[in-house]
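Read through the structure below, which is laid out as structure tokens, and then see the notes.
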Amino acid sequence: MIDDASEHVRAANVRPPAWKNPEPEEKYHLVIIGGGPAGLTAAHAAAALGAKVALIERDRLGGTDLNVGTVPSKAIIQSSRVFAEMRDSVRYGVPDPADVELDFTGIMKRMRRLRARASRDAAAARLVTAGVDVFFGAARFVSGDAIDVAGATLRFRKAMIATGSRPDMPAIPGLLDASFLTNETVFDLTALPKRLLVIGGGPLGCELAQAFHRLGAHTTIVQNLPLFLPKEERDAAQILSDALARDGLEVRLNTTVTRVRVERGETMVDLISDDYHSTVTVDAIFNGTGRRPNVEGLNLAAAGVDHDPLEGIRVDDLLRTTNRRIYAAGDVCLEHQFTHVAEATGRMVVRNALFLGHERLSELVVPWCTFTDPEIAHVGTSVRDAHDRDLPVTTYVIPLHEVKRAITDGTNVGFVKIHVRDGTDRILGATIVARHAGEMIGEVTAAMTAGVGLRTLARVIHTSPVQAGAIQMAAQAFCRAQITPTLKARLMRWLTR
């Protein structure tokens with residue numbers, strides 16, 4: 001850990017150095033393993049409803065999200081956006097501040113300061129005030145209704161496993177012998193790498209590749225698929241690919257890393273694309289190829305919990321494991337490994353496990369966003385999904401170059417795309433590519449969750465001008481499409497009566 005005031009504040013919140021575990025209660029209504037977003041959300045929710053709750057954390061409260069994920073990455077992304085816009089200020093009619101230099105140390109110091117501020121919400125003291133017993137140490141099931149932590153036995157009526165996930169290491173010869181970065185180490189950098197190789201074209205790889213390149217690192221992305229972001233609509237991924245190329249990133253698609261080697265103090269990375277072999281020399285390698293669930297060391301067999309080292313803990317639609325006393329939430333059991341999904345499933349476990357709820361995972365409407373520039377946000381069904389499921393859909397697309405706020409902001413590359421089931425106004429899904437797509441997708445997600453169709457969205461009044469007005473424009477395009485020649489003729493007869 002870097003020795004500065006912000007890091008001491010964070011440590012005091014998420015892993016107090018002089019912490020002493022409490023004496024366990026005779027039996028808890030709910031014992032939670034893992035103090036990330038799912039665990040923290042469930043602990044506060046259950047305690048607020050009067051349950052006796054214990055939370056066990058092996059390392060630091062806040063999990064990946066706070067410590068090595070969403071919070072620090074978005075802080076750096078914002079700094080990189082500001083720096084990029086300063087260098088591109090002429091496009092906005094502002095003189096070029098030619099003498100502005102990057103202060104990477106200052107950027108990382110700001111990130112740590114913001115992370116320390118955010119750590120207040122995950123603080124052990126806050127949990128205790130809420131009525132939660134907090135235990136630090138490695139949790140291990142000793143039976144189907146008891147857990148050992150630091151020599152103490154915690155008995156429970158219900159338990160929730162929320163141990164999260166960690167970076168998955170690709171089997172690349174020489175990678176482990178070289179100095180490489182993951183999300184768990186990249187935020188400890190004290191100097192900007194001059195030459196950075198990013199392995200993987202998923203959300204994390206694309207976000208950090210663009211951010212570090214904008215800050216001045218010569219960045220190369222290697223992706224073994226023909227396009228980035230394989231779960232996104234193809235035109236959305238292509239817009240991002242074009243944006244990264246405009247930023248000057250070196251993009252290697254359909255390319256595989258075959259070996260990493262260190263020669264004369266230089267890190268060399270061997271690549272292959274079809275039959276073409278090449279080598280790049282780098283100062284740092286960032287691995288963003290995926291994540292693996294944290295299921296080791298829990299002694300899940302003693303609890304009768306079925307699991308897989310790659311897929312995680314197996315749960316049913318109510319988030320129950322094969323031991324009906326034990327539930328799971330978040331990255332350790334879900335395909336969608338997002339903070340907001342972890343929090344939602346943590347709340348779901350509290351209702352289902354303690355209060356006889358029947359909320360189902362399959363009924364969640366889950367949006368997600370890749371925080372590049374432009375951002376790519378998605379919710380629900382894509383055109384490809386609809387085709388695979390034989391769902392008849394009609395799509396309404398509004399290009400951002402038709403949206404006044406996008407024009408005035410100079411961020412008019414992208415679109416709002418909304419899919420509805422043929423013959424209805426029921427929204428099946430949407431993709432938004434825009435500077436603030438992550439904010440805009442919430443309106444569509446709320447409509448889908450509440451069963452609100454495009455006819456209603458067409459009547460929603462937005463302040464003007466905002467980029468979210470493109471959603472209303474798509475809804476109005478749907479309404480215009482319902483005016484058939486027959487209906488138009490009837491309306492004309494009404495007007496000329």
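Simple scheme: letters A, B, ... for chains in structure tokens order, numbers from 1 for residues in each chain, numbers from 1 for ligands in the order shown.
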
Practice problem: Please return as an NGL selection string: the residues of stretch 55-90 of chain A that backbone DSSP assigns to helix (DSSP H, G or I). | Solution: :A and (63-67 or 70-87 or 89-90)

Residues from last step as file, N, CA and C atoms, as a compact mmCIF listing (two decimals), in the first residue's frame:
```txt
# COMPACT_ATOMS: atom_id res chain seq x y z
N GLY A 63 -14.66 -4.55 -1.14
CA GLY A 63 -14.42 -5.46 -2.25
C GLY A 63 -13.71 -4.82 -3.42
N THR A 64 -13.81 -5.48 -4.57
CA THR A 64 -13.19 -4.99 -5.80
C THR A 64 -13.69 -3.61 -6.17
N ASP A 65 -14.98 -3.39 -6.05
CA ASP A 65 -15.61 -2.14 -6.48
C ASP A 65 -14.92 -0.93 -5.89
N LEU A 66 -14.75 -0.89 -4.59
CA LEU A 66 -14.15 0.25 -3.93
C LEU A 66 -12.63 0.28 -4.07
N ASN A 67 -12.00 -0.84 -3.84
CA ASN A 67 -10.56 -0.85 -3.66
C ASN A 67 -9.76 -0.94 -4.95
N THR A 70 -14.32 -0.20 -9.67
CA THR A 70 -15.12 0.90 -10.20
C THR A 70 -14.64 2.26 -9.72
N VAL A 71 -14.46 2.42 -8.42
CA VAL A 71 -14.15 3.76 -7.89
C VAL A 71 -12.80 4.27 -8.41
N PRO A 72 -11.70 3.55 -8.25
CA PRO A 72 -10.43 4.10 -8.75
C PRO A 72 -10.38 4.22 -10.27
N SER A 73 -10.99 3.26 -10.98
CA SER A 73 -10.92 3.33 -12.45
C SER A 73 -11.68 4.52 -12.99
N LYS A 74 -12.85 4.81 -12.43
CA LYS A 74 -13.64 5.93 -12.94
C LYS A 74 -12.99 7.26 -12.59
N ALA A 75 -12.28 7.32 -11.48
CA ALA A 75 -11.54 8.54 -11.15
C ALA A 75 -10.46 8.82 -12.19
N ILE A 76 -9.73 7.78 -12.58
CA ILE A 76 -8.67 7.95 -13.59
C ILE A 76 -9.26 8.25 -14.96
N ILE A 77 -10.37 7.59 -15.29
CA ILE A 77 -11.02 7.84 -16.58
C ILE A 77 -11.45 9.30 -16.68
N GLN A 78 -12.00 9.84 -15.60
CA GLN A 78 -12.42 11.25 -15.64
C GLN A 78 -11.22 12.18 -15.84
N SER A 79 -10.12 11.90 -15.17
CA SER A 79 -8.92 12.72 -15.36
C SER A 79 -8.44 12.65 -16.80
N SER A 80 -8.48 11.46 -17.38
CA SER A 80 -8.02 11.30 -18.76
C SER A 80 -8.93 12.04 -19.74
N ARG A 81 -10.22 12.09 -19.46
CA ARG A 81 -11.15 12.83 -20.33
C ARG A 81 -10.85 14.32 -20.29
N VAL A 82 -10.62 14.84 -19.09
CA VAL A 82 -10.33 16.26 -18.96
C VAL A 82 -9.04 16.59 -19.70
N PHE A 83 -8.03 15.77 -19.54
CA PHE A 83 -6.74 16.03 -20.19
C PHE A 83 -6.90 15.96 -21.71
N ALA A 84 -7.68 14.98 -22.20
CA ALA A 84 -7.90 14.86 -23.64
C ALA A 84 -8.63 16.08 -24.20
N GLU A 85 -9.61 16.59 -23.46
CA GLU A 85 -10.35 17.74 -23.94
C GLU A 85 -9.49 19.01 -23.91
N MET A 86 -8.58 19.10 -22.94
CA MET A 86 -7.66 20.24 -22.92
C MET A 86 -6.78 20.23 -24.17
N ARG A 87 -6.32 19.07 -24.56
CA ARG A 87 -5.46 18.98 -25.75
C ARG A 87 -6.25 19.19 -27.03
N SER A 89 -8.81 21.38 -27.27
CA SER A 89 -9.64 22.53 -26.96
C SER A 89 -9.97 23.39 -28.18
N VAL A 90 -9.10 23.36 -29.20
CA VAL A 90 -9.34 24.18 -30.40
C VAL A 90 -10.66 23.80 -31.05
```

Self-check item: Contacts of A:Leu319 at 7 Å (only C-alpha atoms; same-chain gap of 3+ positions) as a PyMOL selection string
Solution: chain A and resi 315-316+327-329+349

Enumerate as a compact mmCIF listing (two decimals) with N, CA and C atoms, in the first residue's frame all residues of stretch 25-206 of chain A assigned to strand (DSSP E) by DSSP on the backbone, naming them with the chain letters and numbers the document uses.
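Printed below is selection.txt as written:
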```txt
# COMPACT_ATOMS: atom_id res chain seq x y z
N TYR A 28 -27.06 -16.63 14.44
CA TYR A 28 -27.41 -15.47 13.64
C TYR A 28 -28.54 -15.81 12.67
N HIS A 29 -29.37 -14.81 12.42
CA HIS A 29 -30.36 -14.98 11.35
C HIS A 29 -29.66 -15.10 10.00
N LEU A 30 -28.57 -14.32 9.83
CA LEU A 30 -27.86 -14.31 8.55
C LEU A 30 -26.38 -14.08 8.79
N VAL A 31 -25.56 -14.98 8.26
CA VAL A 31 -24.11 -14.78 8.24
C VAL A 31 -23.69 -14.58 6.79
N ILE A 32 -22.95 -13.53 6.54
CA ILE A 32 -22.53 -13.17 5.18
C ILE A 32 -21.03 -13.34 5.08
N ILE A 33 -20.59 -14.04 4.05
CA ILE A 33 -19.17 -14.18 3.78
C ILE A 33 -18.83 -13.28 2.60
N VAL A 53 -27.16 -10.12 12.35
CA VAL A 53 -26.34 -10.29 11.16
C VAL A 53 -24.87 -10.29 11.54
N ALA A 54 -24.13 -11.21 10.94
CA ALA A 54 -22.66 -11.20 11.02
C ALA A 54 -22.10 -11.13 9.62
N LEU A 55 -21.05 -10.33 9.44
CA LEU A 55 -20.39 -10.23 8.15
C LEU A 55 -18.92 -10.58 8.34
N ILE A 56 -18.42 -11.47 7.48
CA ILE A 56 -17.03 -11.92 7.54
C ILE A 56 -16.30 -11.40 6.31
N GLU A 57 -15.16 -10.76 6.51
CA GLU A 57 -14.35 -10.27 5.40
C GLU A 57 -12.92 -10.75 5.58
N VAL A 132 -24.44 -4.64 12.87
CA VAL A 132 -23.83 -5.82 12.26
C VAL A 132 -22.57 -6.20 13.03
N ASP A 133 -22.42 -7.49 13.33
CA ASP A 133 -21.17 -7.99 13.90
C ASP A 133 -20.17 -8.22 12.77
N VAL A 134 -19.02 -7.58 12.84
CA VAL A 134 -18.03 -7.65 11.76
C VAL A 134 -16.85 -8.50 12.23
N PHE A 135 -16.52 -9.51 11.42
CA PHE A 135 -15.40 -10.41 11.71
C PHE A 135 -14.41 -10.33 10.56
N PHE A 136 -13.13 -10.11 10.85
CA PHE A 136 -12.09 -10.18 9.85
C PHE A 136 -11.36 -11.51 9.97
N ALA A 139 -13.02 -17.25 6.18
CA ALA A 139 -14.20 -18.05 6.55
C ALA A 139 -14.08 -19.46 6.00
N ARG A 140 -14.57 -20.42 6.82
CA ARG A 140 -14.53 -21.83 6.40
C ARG A 140 -15.72 -22.55 7.00
N PHE A 141 -16.53 -23.16 6.11
CA PHE A 141 -17.68 -23.92 6.60
C PHE A 141 -17.20 -25.16 7.36
N VAL A 142 -17.80 -25.40 8.53
CA VAL A 142 -17.51 -26.62 9.28
C VAL A 142 -18.70 -27.57 9.27
N SER A 143 -19.85 -27.08 8.81
CA SER A 143 -21.04 -27.91 8.66
C SER A 143 -22.03 -27.14 7.79
N ALA A 146 -22.83 -23.86 10.11
CA ALA A 146 -21.82 -23.23 10.95
C ALA A 146 -20.57 -22.88 10.14
N ILE A 147 -19.94 -21.77 10.53
CA ILE A 147 -18.75 -21.26 9.85
C ILE A 147 -17.69 -20.94 10.89
N ASP A 148 -16.45 -21.30 10.59
CA ASP A 148 -15.33 -20.94 11.43
C ASP A 148 -14.63 -19.73 10.85
N VAL A 149 -14.31 -18.76 11.72
CA VAL A 149 -13.52 -17.61 11.31
C VAL A 149 -12.61 -17.23 12.47
N ALA A 152 -13.27 -18.76 15.84
CA ALA A 152 -14.62 -18.63 16.39
C ALA A 152 -15.62 -19.34 15.48
N THR A 153 -16.67 -19.92 16.10
CA THR A 153 -17.70 -20.60 15.33
C THR A 153 -18.96 -19.76 15.29
N LEU A 154 -19.42 -19.45 14.07
CA LEU A 154 -20.63 -18.68 13.87
C LEU A 154 -21.72 -19.61 13.35
N ARG A 155 -22.78 -19.77 14.13
CA ARG A 155 -23.91 -20.61 13.71
C ARG A 155 -24.99 -19.72 13.09
N PHE A 156 -25.68 -20.27 12.13
CA PHE A 156 -26.63 -19.45 11.38
C PHE A 156 -27.90 -20.21 11.02
N ARG A 157 -28.95 -19.43 10.87
CA ARG A 157 -30.17 -19.97 10.25
C ARG A 157 -30.04 -19.93 8.74
N LYS A 158 -29.51 -18.81 8.25
CA LYS A 158 -29.27 -18.66 6.82
C LYS A 158 -27.90 -18.03 6.63
N ALA A 159 -27.27 -18.33 5.51
CA ALA A 159 -25.98 -17.74 5.18
C ALA A 159 -25.98 -17.29 3.73
N MET A 160 -25.11 -16.33 3.43
CA MET A 160 -24.96 -15.85 2.06
C MET A 160 -23.47 -15.79 1.72
N ILE A 161 -23.11 -16.39 0.59
CA ILE A 161 -21.74 -16.35 0.11
C ILE A 161 -21.64 -15.25 -0.94
N SER A 165 -14.90 -12.15 -7.08
CA SER A 165 -14.06 -12.78 -8.11
C SER A 165 -12.70 -12.09 -8.14
N ARG A 166 -11.80 -12.63 -8.92
CA ARG A 166 -10.44 -12.10 -9.05
C ARG A 166 -10.00 -12.20 -10.50
N PRO A 167 -8.93 -11.53 -10.89
CA PRO A 167 -8.47 -11.62 -12.28
C PRO A 167 -8.12 -13.05 -12.66
N PHE A 180 3.63 -7.85 -14.74
CA PHE A 180 2.39 -7.48 -15.42
C PHE A 180 1.39 -6.94 -14.40
N LEU A 181 0.39 -6.23 -14.92
CA LEU A 181 -0.60 -5.56 -14.09
C LEU A 181 -1.95 -6.21 -14.25
N ARG A 195 5.15 2.65 -22.60
CA ARG A 195 4.59 1.72 -23.59
C ARG A 195 3.79 0.66 -22.84
N LEU A 196 2.49 0.60 -23.14
CA LEU A 196 1.59 -0.29 -22.42
C LEU A 196 0.90 -1.23 -23.39
N LEU A 197 0.90 -2.52 -23.06
CA LEU A 197 0.15 -3.52 -23.83
C LEU A 197 -1.03 -3.98 -22.99
N VAL A 198 -2.22 -3.91 -23.56
CA VAL A 198 -3.43 -4.37 -22.88
C VAL A 198 -3.90 -5.65 -23.56
N ILE A 199 -4.01 -6.71 -22.79
CA ILE A 199 -4.49 -8.00 -23.31
C ILE A 199 -5.97 -8.10 -23.01
```

Quiz item: Which neighbours of stretch 260-264 of chain A fall inside 7 Å, counting only C-alpha atoms, when residues of the same chain fewer than 4 positions from it are skipped, and could you give them as an MDAnalysis selection string?
Solution: chainID A and resid 173:175 178 268:270

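Closest approach to A:Cys333 from the set A:Val366, A:Val295, A:Ala468, A:Ala43 is made by A:Val295, with distances taken over only C-alpha atoms.
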
Practice problem: Quick one: everything within 6 Å of stretch 418-434 of chain A, counting only C-alpha atoms, minus sequence neighbours fewer than 2 positions away in the same chain. Send it as a list of chain:residue names. | Solution: A:Pro374, A:Glu375, A:Ile376, A:Ala377, A:His378, A:Val379, A:Gly380, A:Thr381, A:Pro392, A:Val393, A:Thr394, A:Thr395, A:Tyr396, A:Gly414, A:Phe415, A:Val416, A:His436, A:Ala437, A:Gly453, A:Leu454

Export of prior selection with N, CA and C atoms as an mmCIF file, in the first residue's frame:
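This is the output file selection.cif:
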```cif
data_model
loop_
_atom_site.group_PDB
_atom_site.id
_atom_site.type_symbol
_atom_site.label_atom_id
_atom_site.label_comp_id
_atom_site.auth_asym_id
_atom_site.auth_seq_id
_atom_site.Cartn_x
_atom_site.Cartn_y
_atom_site.Cartn_z
ATOM 1 N N PRO A 374 -16.861 7.280 -26.680
ATOM 2 C CA PRO A 374 -18.151 7.350 -26.006
ATOM 3 C C PRO A 374 -18.436 6.106 -25.162
ATOM 4 N N GLU A 375 -19.349 6.269 -24.210
ATOM 5 C CA GLU A 375 -19.795 5.130 -23.414
ATOM 6 C C GLU A 375 -20.730 4.258 -24.235
ATOM 7 N N ILE A 376 -20.753 2.966 -23.898
ATOM 8 C CA ILE A 376 -21.682 2.035 -24.535
ATOM 9 C C ILE A 376 -22.518 1.391 -23.429
ATOM 10 N N ALA A 377 -23.824 1.646 -23.458
ATOM 11 C CA ALA A 377 -24.728 1.109 -22.442
ATOM 12 C C ALA A 377 -25.764 0.211 -23.120
ATOM 13 N N HIS A 378 -26.172 -0.817 -22.395
ATOM 14 C CA HIS A 378 -27.096 -1.791 -22.972
ATOM 15 C C HIS A 378 -28.031 -2.306 -21.885
ATOM 16 N N VAL A 379 -29.234 -2.656 -22.287
ATOM 17 C CA VAL A 379 -30.170 -3.340 -21.401
ATOM 18 C C VAL A 379 -31.058 -4.242 -22.247
ATOM 19 N N GLY A 380 -31.384 -5.415 -21.713
ATOM 20 C CA GLY A 380 -32.341 -6.296 -22.357
ATOM 21 C C GLY A 380 -31.824 -6.994 -23.594
ATOM 22 N N THR A 381 -32.727 -7.217 -24.525
ATOM 23 C CA THR A 381 -32.483 -8.027 -25.710
ATOM 24 C C THR A 381 -31.813 -7.213 -26.812
ATOM 25 N N PRO A 392 -39.950 -11.562 -32.987
ATOM 26 C CA PRO A 392 -40.107 -10.515 -34.007
ATOM 27 C C PRO A 392 -39.966 -9.128 -33.376
ATOM 28 N N VAL A 393 -38.994 -8.344 -33.838
ATOM 29 C CA VAL A 393 -38.740 -7.026 -33.246
ATOM 30 C C VAL A 393 -38.663 -5.961 -34.325
ATOM 31 N N THR A 394 -38.973 -4.753 -33.921
ATOM 32 C CA THR A 394 -38.748 -3.573 -34.739
ATOM 33 C C THR A 394 -37.838 -2.647 -33.952
ATOM 34 N N THR A 395 -36.883 -2.044 -34.641
ATOM 35 C CA THR A 395 -35.877 -1.217 -33.979
ATOM 36 C C THR A 395 -36.016 0.236 -34.420
ATOM 37 N N TYR A 396 -35.941 1.131 -33.446
ATOM 38 C CA TYR A 396 -35.993 2.571 -33.715
ATOM 39 C C TYR A 396 -34.652 3.174 -33.321
ATOM 40 N N GLY A 414 -22.554 8.480 -32.230
ATOM 41 C CA GLY A 414 -23.258 7.478 -31.438
ATOM 42 C C GLY A 414 -24.722 7.426 -31.824
ATOM 43 N N PHE A 415 -25.519 6.751 -31.008
ATOM 44 C CA PHE A 415 -26.938 6.594 -31.321
ATOM 45 C C PHE A 415 -27.698 6.110 -30.095
ATOM 46 N N VAL A 416 -29.022 6.221 -30.188
ATOM 47 C CA VAL A 416 -29.942 5.551 -29.270
ATOM 48 C C VAL A 416 -30.739 4.560 -30.105
ATOM 49 N N HIS A 436 -22.729 10.191 -22.295
ATOM 50 C CA HIS A 436 -23.317 9.876 -20.994
ATOM 51 C C HIS A 436 -24.318 8.718 -21.104
ATOM 52 N N ALA A 437 -23.970 7.720 -21.880
ATOM 53 C CA ALA A 437 -24.885 6.593 -22.099
ATOM 54 C C ALA A 437 -25.238 5.882 -20.805
ATOM 55 N N GLY A 453 -44.342 1.243 -21.892
ATOM 56 C CA GLY A 453 -43.989 1.091 -23.292
ATOM 57 C C GLY A 453 -43.548 2.386 -23.940
ATOM 58 N N LEU A 454 -43.231 2.300 -25.237
ATOM 59 C CA LEU A 454 -42.730 3.476 -25.956
ATOM 60 C C LEU A 454 -43.793 4.566 -26.100
#
```
